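A.B. asks: Got a structure here, written out as structure tokens. Questions coming.
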Amino acid sequence: MDLRQLRYFVAIVEHGSLVAAAQHVHVAQPALSHHVSNLEAELGKKLFERTARGVLPTKIGSEFYHRAKLILRTADQAVETVKRGGEMAGIVSLGVTPTSGLVLGLPILMRATEQFPSLKVNVVERLSGHLYEMTRTGLLDLSIMFDSRPAENMDVEMLGADEMVLVGNADMFERFGIGPTVDKAMLATLPLFLSSATHFTRRKVDNEFARLGIRPTVSSEIDSVTLTMDAVEKGLGFTIRCRGTARGPHGKFRTARISDGLWIHRFYLHAGPVSIRSVACNCLVEIIKSVAAELIADGTLTAS
């Protein structure tokens with residue numbers, strides 16, 4: 001077995017087709033099939049199922065894929081580190097939700113750039129459900145999301161929490177007479193911009209409304225943090241988001257705590273076990289943890 005065989009194997013898994021994989025790695029399809037047959041013979045296991053829709057990895061094949069990806073990443077990183085004279089280098093894919101990206105994304109990138117200039121962080125923004133599956137299946141190295149579900153071959157650690165608050169502009173706060181806190185009676189009357197039910201945040205908000213026994217006035221459902229905050233900044237309504245979102249780069253906002261209970265969103269770091277992470281991945285994990293600790297220290301996040 002050699003790295004070339006592993007690269008061919010990974011290409012087939014990721015493309016789901018021998019034809020597409022052969023084009024990607026610039027090898028004739030018969031030669032690619034021959035390499036796969038040799039690999040399966042060496043391992044003594046069937047790695048692929050041939051279907052009318054293409055080729056799919058078997059259960060053993062899926063497990064081998066994750067290991068092969070790690071080996072290839074480690075090998076590529078080792079070569080890059082040597083080329084750069086021992087400086088830490090490599091590529092790490094990091095998934096963030098729109099909210100965790102606003103609160104943690106920029107500080108993490110700034111710290112990574114400062115400490116390891118040759119470390120490339122590829123950031124992907126998705127909803128928590130999508131990030132969970134992408135990290136579980138190895139498409140992402142790390143992710144920061146609201147989902148705390150454990151998964152096989154994945155470590156989950158809470159980074160910190162942020163309070164969910166009512167967000168609006170100054171004119172709207174004065175128009176509705178809103179002070180530092182807002183109660184459930186007032187909350188039910190306010191025009192709100194909320195995400196759709198597919199979002200983890202919306203489901204949490206709906207659960208809190210149900211607990212309070214009120215039906216919110218939802219003016220629009222917007223699955224874009226940027227557009228939501230722009231609409232709120234223009235005075236079209238209010239939203240309920242993590243306090244850190246209101247501190248983001250979208251404008252100046254007023255916030256009010258919701259008096260009927262403390263609404264908390266927790267940020268969780270999902271990562272493969274330490275034993276199978278690349279060195280670059282472990283470096284980024286430590287950066288993420290240190291950034292989260294500093295945000296807790298300065299009051300941006302809380303520890304629980």
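Residue numbering restarts at 1 for every chain of the structure tokens, chains are lettered A, B, ... in their displayed order, and ligands are numbered from 1 as they appear.
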Could you give me, as a short mmCIF file (atom, residue, chain, number, x, y, z; two decimals) with N, CA and C atoms, in the first residue's frame, the residues within 10 Å of region 144-157 of chain A, counting only C-alpha atoms and dropping anything in the same chain fewer than 6 positions from it?

C.D. replies:
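Below is the file selection.cif, written as the result:
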```
data_model
loop_
_atom_site.label_atom_id
_atom_site.label_comp_id
_atom_site.auth_asym_id
_atom_site.auth_seq_id
_atom_site.Cartn_x
_atom_site.Cartn_y
_atom_site.Cartn_z
N LEU A 94 -12.82 24.18 9.11
CA LEU A 94 -13.58 24.54 10.30
C LEU A 94 -14.99 24.94 9.90
N GLY A 95 -15.98 24.29 10.46
CA GLY A 95 -17.37 24.64 10.22
C GLY A 95 -17.91 25.54 11.32
N VAL A 96 -18.68 26.55 10.95
CA VAL A 96 -19.31 27.45 11.92
C VAL A 96 -20.76 27.68 11.52
N THR A 97 -21.60 27.94 12.50
CA THR A 97 -22.95 28.41 12.22
C THR A 97 -22.87 29.92 11.98
N PRO A 98 -23.91 30.55 11.42
CA PRO A 98 -23.87 32.00 11.25
C PRO A 98 -23.58 32.74 12.56
N THR A 99 -24.15 32.26 13.66
CA THR A 99 -23.95 32.94 14.94
C THR A 99 -22.58 32.66 15.52
N SER A 100 -22.16 31.40 15.55
CA SER A 100 -20.83 31.10 16.11
C SER A 100 -19.74 31.75 15.26
N GLY A 101 -19.99 31.89 13.96
CA GLY A 101 -19.02 32.57 13.11
C GLY A 101 -18.88 34.03 13.48
N LEU A 104 -17.22 33.99 17.27
CA LEU A 104 -15.90 33.38 17.45
C LEU A 104 -15.01 33.39 16.22
N GLY A 105 -15.62 33.50 15.04
CA GLY A 105 -14.88 33.31 13.80
C GLY A 105 -13.70 34.24 13.63
N GLU A 125 -19.59 27.85 6.44
CA GLU A 125 -20.74 28.26 7.24
C GLU A 125 -21.97 27.45 6.84
N ARG A 126 -22.55 26.76 7.82
CA ARG A 126 -23.75 25.97 7.61
C ARG A 126 -24.60 26.00 8.89
N LEU A 127 -25.79 25.42 8.81
CA LEU A 127 -26.60 25.23 10.01
C LEU A 127 -26.02 24.09 10.84
N SER A 128 -26.41 24.06 12.13
CA SER A 128 -25.85 23.05 13.04
C SER A 128 -26.05 21.63 12.54
N GLY A 129 -27.25 21.32 12.03
CA GLY A 129 -27.53 19.97 11.56
C GLY A 129 -26.61 19.55 10.44
N HIS A 130 -26.34 20.47 9.51
CA HIS A 130 -25.44 20.18 8.40
C HIS A 130 -24.01 20.01 8.90
N LEU A 131 -23.58 20.88 9.81
CA LEU A 131 -22.22 20.79 10.34
C LEU A 131 -22.00 19.48 11.08
N TYR A 132 -23.02 19.05 11.82
CA TYR A 132 -22.91 17.82 12.58
C TYR A 132 -22.59 16.65 11.65
N GLU A 133 -23.34 16.53 10.56
CA GLU A 133 -23.13 15.43 9.63
C GLU A 133 -21.80 15.57 8.90
N THR A 135 -19.06 16.96 9.96
CA THR A 135 -17.95 16.66 10.87
C THR A 135 -17.93 15.16 11.21
N ARG A 136 -19.10 14.59 11.40
CA ARG A 136 -19.19 13.17 11.73
C ARG A 136 -18.65 12.30 10.61
N THR A 137 -18.87 12.71 9.38
CA THR A 137 -18.43 11.91 8.24
C THR A 137 -17.05 12.29 7.73
N GLY A 138 -16.38 13.25 8.40
CA GLY A 138 -15.02 13.58 8.04
C GLY A 138 -14.87 14.64 6.96
N PHE A 200 -31.68 25.71 14.32
CA PHE A 200 -31.62 25.35 15.74
C PHE A 200 -32.06 26.52 16.61
N THR A 201 -31.65 27.75 16.24
CA THR A 201 -32.00 28.93 17.02
C THR A 201 -33.51 29.12 17.07
N HIS A 265 -27.70 30.18 24.84
CA HIS A 265 -27.21 29.38 23.72
C HIS A 265 -25.79 28.95 24.05
N ARG A 266 -25.51 27.67 23.93
CA ARG A 266 -24.18 27.16 24.23
C ARG A 266 -23.46 26.77 22.93
N PHE A 267 -22.19 27.12 22.87
CA PHE A 267 -21.36 26.79 21.71
C PHE A 267 -20.53 25.54 22.02
N TYR A 268 -20.58 24.56 21.12
CA TYR A 268 -19.86 23.31 21.31
C TYR A 268 -18.85 23.10 20.19
N LEU A 269 -17.67 22.65 20.57
CA LEU A 269 -16.64 22.29 19.60
C LEU A 269 -16.72 20.80 19.33
N HIS A 270 -16.90 20.43 18.06
CA HIS A 270 -16.93 19.03 17.65
C HIS A 270 -15.64 18.74 16.89
N ALA A 271 -14.98 17.66 17.27
CA ALA A 271 -13.71 17.30 16.63
C ALA A 271 -13.51 15.80 16.72
N GLY A 272 -12.72 15.27 15.79
CA GLY A 272 -12.34 13.87 15.89
C GLY A 272 -11.46 13.66 17.11
N PRO A 273 -11.34 12.44 17.59
CA PRO A 273 -10.50 12.15 18.76
C PRO A 273 -9.06 12.62 18.54
N VAL A 274 -8.40 12.99 19.62
CA VAL A 274 -7.03 13.49 19.55
C VAL A 274 -6.12 12.52 18.81
N ILE A 276 -6.49 10.74 16.25
CA ILE A 276 -6.52 10.69 14.79
C ILE A 276 -6.50 12.10 14.17
N ILE A 288 -8.78 27.69 19.32
CA ILE A 288 -10.21 27.88 19.56
C ILE A 288 -10.51 27.91 21.05
N LYS A 289 -9.92 27.00 21.78
CA LYS A 289 -10.16 26.95 23.23
C LYS A 289 -9.63 28.20 23.92
#
```

A.B. asks: Per DSSP on the backbone, what are the strand (DSSP E) residues of region 164-276 of chain A, as an MDAnalysis selection string?

C.D. replies: chainID A and resid 164:168 181:182 191:194 217:221 239:242 254:258 264:271

A.B. asks: Smallest atom-to-atom distance to Arg7 (chain A): which of A:Ala52, A:Ala68, A:Val232, A:Ile287, using only C-alpha atoms?

C.D. replies: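 Under the stated criterion, the closest residue is A:Ala68.
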
A.B. asks: So that I can see what lies close to Leu43 (chain A), please list as a PyMOL selection string the residues with an atom at most 10 Å from it, counting only C-alpha atoms and leaving out residues fewer than 5 positions away in the same chain.

C.D. replies: chain A and resi 1+37-38

A.B. asks: Any chance you could export the current selection's all heavy atoms as a compact mmCIF listing (two decimals), in the first residue's frame?

C.D. replies:
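Written output follows (again_31.txt):
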```txt
# COMPACT_ATOMS: atom_id res chain seq x y z
N MET A 1 0.84 -1.19 0.00
CA MET A 1 0.00 0.00 0.00
C MET A 1 0.89 1.25 0.00
O MET A 1 1.88 1.30 0.72
CB MET A 1 -0.89 0.01 1.25
CG MET A 1 -1.90 1.15 1.29
SD MET A 1 -2.73 1.22 2.89
CE MET A 1 -3.38 -0.46 3.02
N SER A 37 -8.65 -2.81 -6.93
CA SER A 37 -8.66 -4.26 -6.75
C SER A 37 -7.45 -4.73 -5.95
O SER A 37 -7.56 -5.59 -5.07
CB SER A 37 -8.70 -4.96 -8.12
OG SER A 37 -9.88 -4.64 -8.81
N ASN A 38 -6.30 -4.15 -6.24
CA ASN A 38 -5.09 -4.50 -5.49
C ASN A 38 -5.19 -4.11 -4.03
O ASN A 38 -4.76 -4.84 -3.13
CB ASN A 38 -3.87 -3.83 -6.12
CG ASN A 38 -3.44 -4.47 -7.43
OD1 ASN A 38 -3.86 -5.59 -7.74
ND2 ASN A 38 -2.62 -3.77 -8.21
```

A.B. asks: Apply DSSP to the structure's backbone, then extract all residues of region 146-288 of chain A labelled helix (DSSP H, G or I) and return them as a ChimeraX atom specification.

C.D. replies: /A:170-175,184-187,200-212,225-233,243-246,274-276,279-288

A.B. asks: Just want the 10 Å neighbourhood of Ile264 (chain A), counted on only C-alpha atoms, with same-chain residues fewer than 3 positions away dropped. Output as a list in words.

C.D. replies: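 The residues that qualify are Ala161, Asp162, Glu163, Met164, Val165, Lys204, Arg241, Cys242, Arg243, Gly261, Phe267, Thr302 and Ser304 of chain A.
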
A.B. asks: Since we have the selection now, will you write its residues out, keeping N, CA, C and O atoms, as a short mmCIF file (atom, residue, chain, number, x, y, z; two decimals), in the first residue's frame?

C.D. replies:
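Once everything was written out, this is out10.cif:
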```cif
data_model
loop_
_atom_site.label_atom_id
_atom_site.label_comp_id
_atom_site.auth_asym_id
_atom_site.auth_seq_id
_atom_site.Cartn_x
_atom_site.Cartn_y
_atom_site.Cartn_z
N ALA A 161 -21.02 30.00 26.57
CA ALA A 161 -22.44 30.25 26.32
C ALA A 161 -22.68 31.74 26.14
O ALA A 161 -21.90 32.58 26.61
N ASP A 162 -23.76 32.05 25.45
CA ASP A 162 -24.14 33.44 25.23
C ASP A 162 -25.64 33.58 25.51
O ASP A 162 -26.42 32.68 25.17
N GLU A 163 -26.02 34.68 26.10
CA GLU A 163 -27.42 34.92 26.41
C GLU A 163 -28.17 35.40 25.18
O GLU A 163 -27.66 36.21 24.40
N MET A 164 -29.38 34.89 24.99
CA MET A 164 -30.23 35.36 23.91
C MET A 164 -31.04 36.56 24.40
O MET A 164 -31.62 36.53 25.48
N VAL A 165 -31.04 37.61 23.61
CA VAL A 165 -31.67 38.86 24.01
C VAL A 165 -32.53 39.41 22.88
O VAL A 165 -32.41 39.00 21.71
N LYS A 204 -35.21 26.68 19.34
CA LYS A 204 -35.00 27.04 20.74
C LYS A 204 -35.91 28.20 21.14
O LYS A 204 -36.53 28.18 22.21
N ARG A 241 -31.64 37.12 19.33
CA ARG A 241 -30.40 36.46 18.95
C ARG A 241 -29.44 36.48 20.13
O ARG A 241 -29.68 37.15 21.14
N CYS A 242 -28.33 35.77 19.96
CA CYS A 242 -27.28 35.83 20.98
C CYS A 242 -26.77 37.26 21.09
O CYS A 242 -26.67 37.98 20.09
N ARG A 243 -26.42 37.64 22.30
CA ARG A 243 -25.94 39.00 22.53
C ARG A 243 -24.71 39.31 21.67
O ARG A 243 -24.54 40.43 21.19
N GLY A 261 -37.05 34.24 32.65
CA GLY A 261 -36.11 33.14 32.46
C GLY A 261 -34.90 33.58 31.65
O GLY A 261 -34.95 34.51 30.87
N PHE A 267 -22.19 27.12 22.87
CA PHE A 267 -21.36 26.79 21.71
C PHE A 267 -20.53 25.54 22.02
O PHE A 267 -19.86 25.48 23.06
N THR A 302 -20.19 33.44 28.59
CA THR A 302 -20.19 32.95 29.96
C THR A 302 -19.72 31.49 29.96
O THR A 302 -19.71 30.83 28.92
N SER A 304 -21.06 28.92 31.41
CA SER A 304 -22.10 27.87 31.48
C SER A 304 -23.43 28.41 31.00
O SER A 304 -23.56 29.60 30.73
#
```

A.B. asks: For Thr113 (chain A), which residue among A:Val13, A:Ala293, A:Ala210, A:Cys283 is the nearest when counting only C-alpha atoms?

C.D. replies: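 Going through A:Val13, A:Ala293, A:Ala210, A:Cys283 one by one, the smallest distance to Thr113 (chain A) is for A:Cys283.
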
A.B. asks: Which residues, written as an mmCIF file with N, CA, C and O atoms, in the first residue's frame, have at least one atom at most 9 Å from Lys120 (chain A), with only C-alpha atoms counted and residues fewer than 5 positions away on the same chain left out?

C.D. replies:
```
data_model
loop_
_atom_site.group_PDB
_atom_site.id
_atom_site.type_symbol
_atom_site.label_atom_id
_atom_site.label_comp_id
_atom_site.auth_asym_id
_atom_site.auth_seq_id
_atom_site.Cartn_x
_atom_site.Cartn_y
_atom_site.Cartn_z
ATOM 1 N N ALA A 89 2.512 24.214 9.308
ATOM 2 C CA ALA A 89 1.753 24.440 8.082
ATOM 3 C C ALA A 89 0.708 23.339 7.963
ATOM 4 O O ALA A 89 0.764 22.324 8.649
ATOM 5 N N GLY A 90 -0.234 23.552 7.091
ATOM 6 C CA GLY A 90 -1.280 22.563 6.874
ATOM 7 C C GLY A 90 -2.603 23.240 6.605
ATOM 8 O O GLY A 90 -2.726 24.470 6.658
ATOM 9 N N ILE A 91 -3.590 22.423 6.314
ATOM 10 C CA ILE A 91 -4.934 22.919 6.044
ATOM 11 C C ILE A 91 -5.892 22.259 7.021
ATOM 12 O O ILE A 91 -5.880 21.044 7.207
ATOM 13 N N VAL A 92 -6.728 23.079 7.663
ATOM 14 C CA VAL A 92 -7.742 22.578 8.589
ATOM 15 C C VAL A 92 -9.080 23.166 8.183
ATOM 16 O O VAL A 92 -9.199 24.379 7.980
ATOM 17 N N SER A 93 -10.086 22.312 8.037
ATOM 18 C CA SER A 93 -11.423 22.787 7.696
ATOM 19 C C SER A 93 -12.238 22.989 8.966
ATOM 20 O O SER A 93 -12.322 22.099 9.810
ATOM 21 N N ALA A 112 -5.028 32.540 14.688
ATOM 22 C CA ALA A 112 -4.347 31.546 13.863
ATOM 23 C C ALA A 112 -3.349 32.213 12.919
ATOM 24 O O ALA A 112 -2.221 31.723 12.737
ATOM 25 N N THR A 113 -3.736 33.343 12.324
ATOM 26 C CA THR A 113 -2.844 34.062 11.413
ATOM 27 C C THR A 113 -1.625 34.607 12.147
ATOM 28 O O THR A 113 -0.503 34.578 11.637
#
```

A.B. asks: Excluding Ala11 (chain A) and its own-chain neighbours fewer than 4 positions away, which residues fall within 8 Å of it when counting only C-alpha atoms? Please give them as a list in words.

C.D. replies: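 The filter keeps Arg7, His15, Ala21, His24 and Val25 of chain A.
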
A.B. asks: Could you please take those selected residues and save C-alpha atoms as an mmCIF file, in the first residue's frame?

C.D. replies:
```cif
data_model
loop_
_atom_site.group_PDB
_atom_site.id
_atom_site.type_symbol
_atom_site.label_atom_id
_atom_site.label_comp_id
_atom_site.auth_asym_id
_atom_site.auth_seq_id
_atom_site.Cartn_x
_atom_site.Cartn_y
_atom_site.Cartn_z
ATOM 1 C CA ARG A 7 -5.300 9.157 -2.991
ATOM 2 C CA HIS A 15 -16.630 11.523 -6.443
ATOM 3 C CA ALA A 21 -12.365 9.984 -9.965
ATOM 4 C CA HIS A 24 -9.747 14.032 -11.107
ATOM 5 C CA VAL A 25 -6.514 12.115 -10.511
#
```

A.B. asks: Would you mind telling me which residue in A:Ile178, A:His26, A:Leu18, A:Leu70 lies nearest to Asp141 (chain A) when using only C-alpha atoms?

C.D. replies: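 Once distances to Asp141 (chain A) are computed over only C-alpha atoms, the minimum belongs to A:Leu70.
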
A.B. asks: Sorted by chain and rising residue number, which residues of region 201-276 of chain A lie within 12 Å of region 167-175 of chain A, and what are their closest atom pairs and distances in Å to one decimal, counting only C-alpha atoms, as a Markdown table?

C.D. replies:
```
| residue | atom | partner | partner_atom | distance |
| --- | --- | --- | --- | --- |
| A:Thr228 | CA | A:Val167 | CA | 10.5 |
| A:Met229 | CA | A:Gly168 | CA | 8.7 |
| A:Asp230 | CA | A:Asn169 | CA | 10.3 |
| A:Ala231 | CA | A:Gly168 | CA | 9.4 |
| A:Val232 | CA | A:Gly168 | CA | 5.6 |
| A:Glu233 | CA | A:Asn169 | CA | 5.5 |
| A:Lys234 | CA | A:Asn169 | CA | 7.5 |
| A:Gly235 | CA | A:Asn169 | CA | 6.1 |
| A:Leu236 | CA | A:Met172 | CA | 8.4 |
| A:Gly237 | CA | A:Gly168 | CA | 6.9 |
| A:Phe238 | CA | A:Gly168 | CA | 4.8 |
| A:Thr239 | CA | A:Val167 | CA | 5.3 |
| A:Ile240 | CA | A:Val167 | CA | 5.9 |
| A:Arg241 | CA | A:Val167 | CA | 7.0 |
| A:Cys242 | CA | A:Val167 | CA | 9.0 |
| A:Arg243 | CA | A:Val167 | CA | 8.2 |
| A:Gly244 | CA | A:Val167 | CA | 10.8 |
| A:Thr245 | CA | A:Val167 | CA | 9.2 |
| A:Ala246 | CA | A:Val167 | CA | 6.9 |
| A:Arg247 | CA | A:Val167 | CA | 10.3 |
| A:Gly248 | CA | A:Val167 | CA | 12.0 |
| A:His250 | CA | A:Asn169 | CA | 11.5 |
| A:Gly251 | CA | A:Asn169 | CA | 9.0 |
| A:Lys252 | CA | A:Asn169 | CA | 7.1 |
| A:Phe253 | CA | A:Asn169 | CA | 4.9 |
| A:Arg254 | CA | A:Gly168 | CA | 5.4 |
| A:Thr255 | CA | A:Val167 | CA | 4.7 |
| A:Ala256 | CA | A:Val167 | CA | 6.8 |
| A:Arg257 | CA | A:Val167 | CA | 9.2 |
| A:Ile258 | CA | A:Val167 | CA | 10.6 |
```

A.B. asks: Can you write just those residues out, N, CA and C atoms, as an mmCIF file, in the first residue's frame?

C.D. replies:
```
data_model
loop_
_atom_site.group_PDB
_atom_site.id
_atom_site.type_symbol
_atom_site.label_atom_id
_atom_site.label_comp_id
_atom_site.auth_asym_id
_atom_site.auth_seq_id
_atom_site.Cartn_x
_atom_site.Cartn_y
_atom_site.Cartn_z
ATOM 1 N N THR A 228 -31.282 39.809 8.365
ATOM 2 C CA THR A 228 -32.066 40.038 9.584
ATOM 3 C C THR A 228 -31.552 41.256 10.339
ATOM 4 N N MET A 229 -30.236 41.322 10.537
ATOM 5 C CA MET A 229 -29.673 42.426 11.298
ATOM 6 C C MET A 229 -29.786 43.741 10.532
ATOM 7 N N ASP A 230 -29.699 43.686 9.210
ATOM 8 C CA ASP A 230 -29.889 44.901 8.410
ATOM 9 C C ASP A 230 -31.314 45.416 8.561
ATOM 10 N N ALA A 231 -32.296 44.499 8.533
ATOM 11 C CA ALA A 231 -33.692 44.893 8.683
ATOM 12 C C ALA A 231 -33.948 45.483 10.065
ATOM 13 N N VAL A 232 -33.342 44.889 11.076
ATOM 14 C CA VAL A 232 -33.493 45.406 12.443
ATOM 15 C C VAL A 232 -32.833 46.768 12.570
ATOM 16 N N GLU A 233 -31.670 46.916 11.957
ATOM 17 C CA GLU A 233 -30.975 48.198 12.021
ATOM 18 C C GLU A 233 -31.811 49.313 11.376
ATOM 19 N N LYS A 234 -32.561 48.975 10.325
ATOM 20 C CA LYS A 234 -33.404 49.958 9.640
ATOM 21 C C LYS A 234 -34.713 50.233 10.372
ATOM 22 N N GLY A 235 -34.957 49.537 11.469
ATOM 23 C CA GLY A 235 -36.162 49.790 12.249
ATOM 24 C C GLY A 235 -37.404 49.091 11.745
ATOM 25 N N LEU A 236 -37.233 48.011 10.987
ATOM 26 C CA LEU A 236 -38.389 47.289 10.468
ATOM 27 C C LEU A 236 -38.979 46.337 11.501
ATOM 28 N N GLY A 237 -38.255 46.062 12.562
ATOM 29 C CA GLY A 237 -38.727 45.160 13.598
ATOM 30 C C GLY A 237 -37.611 44.802 14.549
ATOM 31 N N PHE A 238 -37.823 43.735 15.311
ATOM 32 C CA PHE A 238 -36.852 43.258 16.299
ATOM 33 C C PHE A 238 -36.457 41.820 15.945
ATOM 34 N N THR A 239 -35.459 41.333 16.614
ATOM 35 C CA THR A 239 -35.119 39.921 16.514
ATOM 36 C C THR A 239 -34.653 39.438 17.877
ATOM 37 N N ILE A 240 -34.544 38.137 18.025
ATOM 38 C CA ILE A 240 -34.011 37.520 19.244
ATOM 39 C C ILE A 240 -32.797 36.713 18.837
ATOM 40 N N ARG A 241 -31.642 37.119 19.332
ATOM 41 C CA ARG A 241 -30.397 36.462 18.948
ATOM 42 C C ARG A 241 -29.437 36.483 20.128
ATOM 43 N N CYS A 242 -28.331 35.768 19.962
ATOM 44 C CA CYS A 242 -27.283 35.830 20.981
ATOM 45 C C CYS A 242 -26.768 37.262 21.093
ATOM 46 N N ARG A 243 -26.423 37.645 22.305
ATOM 47 C CA ARG A 243 -25.945 39.000 22.527
ATOM 48 C C ARG A 243 -24.715 39.313 21.672
ATOM 49 N N GLY A 244 -23.874 38.304 21.464
ATOM 50 C CA GLY A 244 -22.675 38.507 20.660
ATOM 51 C C GLY A 244 -22.981 38.897 19.233
ATOM 52 N N THR A 245 -24.111 38.463 18.684
ATOM 53 C CA THR A 245 -24.495 38.841 17.328
ATOM 54 C C THR A 245 -24.744 40.334 17.241
ATOM 55 N N ALA A 246 -25.350 40.891 18.284
ATOM 56 C CA ALA A 246 -25.646 42.329 18.296
ATOM 57 C C ALA A 246 -24.378 43.158 18.404
ATOM 58 N N ARG A 247 -23.286 42.535 18.852
ATOM 59 C CA ARG A 247 -22.009 43.248 18.914
ATOM 60 C C ARG A 247 -21.268 43.174 17.577
ATOM 61 N N GLY A 248 -21.852 42.446 16.628
ATOM 62 C CA GLY A 248 -21.171 42.196 15.365
ATOM 63 C C GLY A 248 -21.070 43.421 14.499
ATOM 64 N N HIS A 250 -22.694 44.629 12.027
ATOM 65 C CA HIS A 250 -23.847 44.996 11.211
ATOM 66 C C HIS A 250 -24.466 46.341 11.608
ATOM 67 N N GLY A 251 -23.970 47.002 12.598
ATOM 68 C CA GLY A 251 -24.537 48.288 12.984
ATOM 69 C C GLY A 251 -24.621 48.414 14.492
ATOM 70 N N LYS A 252 -25.242 49.506 14.954
ATOM 71 C CA LYS A 252 -25.379 49.753 16.389
ATOM 72 C C LYS A 252 -26.788 49.348 16.813
ATOM 73 N N PHE A 253 -26.871 48.541 17.852
ATOM 74 C CA PHE A 253 -28.147 48.006 18.292
ATOM 75 C C PHE A 253 -28.352 48.252 19.781
ATOM 76 N N ARG A 254 -29.607 48.218 20.172
ATOM 77 C CA ARG A 254 -29.978 48.186 21.587
ATOM 78 C C ARG A 254 -30.399 46.753 21.888
ATOM 79 N N THR A 255 -30.147 46.317 23.095
ATOM 80 C CA THR A 255 -30.560 44.980 23.509
ATOM 81 C C THR A 255 -31.295 45.047 24.832
ATOM 82 N N ALA A 256 -32.177 44.080 25.046
ATOM 83 C CA ALA A 256 -32.912 43.986 26.310
ATOM 84 C C ALA A 256 -32.948 42.521 26.729
ATOM 85 N N ARG A 257 -32.696 42.279 27.989
ATOM 86 C CA ARG A 257 -32.796 40.918 28.502
ATOM 87 C C ARG A 257 -34.262 40.530 28.579
ATOM 88 N N ILE A 258 -34.534 39.253 28.396
ATOM 89 C CA ILE A 258 -35.891 38.731 28.509
ATOM 90 C C ILE A 258 -36.092 38.307 29.954
#
```

A.B. asks: For Lys83 (chain A), which residue among A:Leu140, A:Ser118, A:Lys45, A:Leu106 is the nearest when counting only C-alpha atoms?

C.D. replies: A:Ser118

A.B. asks: Please compute the CA of Ile214 (chain A)-CA of Ser195 (chain A) distance, one decimal, in Å.

C.D. replies: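 Atom-to-atom, CA of Ile214 (chain A) and CA of Ser195 (chain A) are spaced 17.8 Å apart.
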
A.B. asks: Mind pulling up the distance from CA of Glu114 (chain A) to CA of Ser290 (chain A)?

C.D. replies: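 Separation between CA of Ser290 (chain A) and CA of Glu114 (chain A): 13.6 Å.
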
A.B. asks: Hey, which of A:Asn207, A:Thr58, A:Thr74, A:Ser220 ends up closest to Pro191 (chain A)? Count only C-alpha atoms.

C.D. replies: A:Ser220
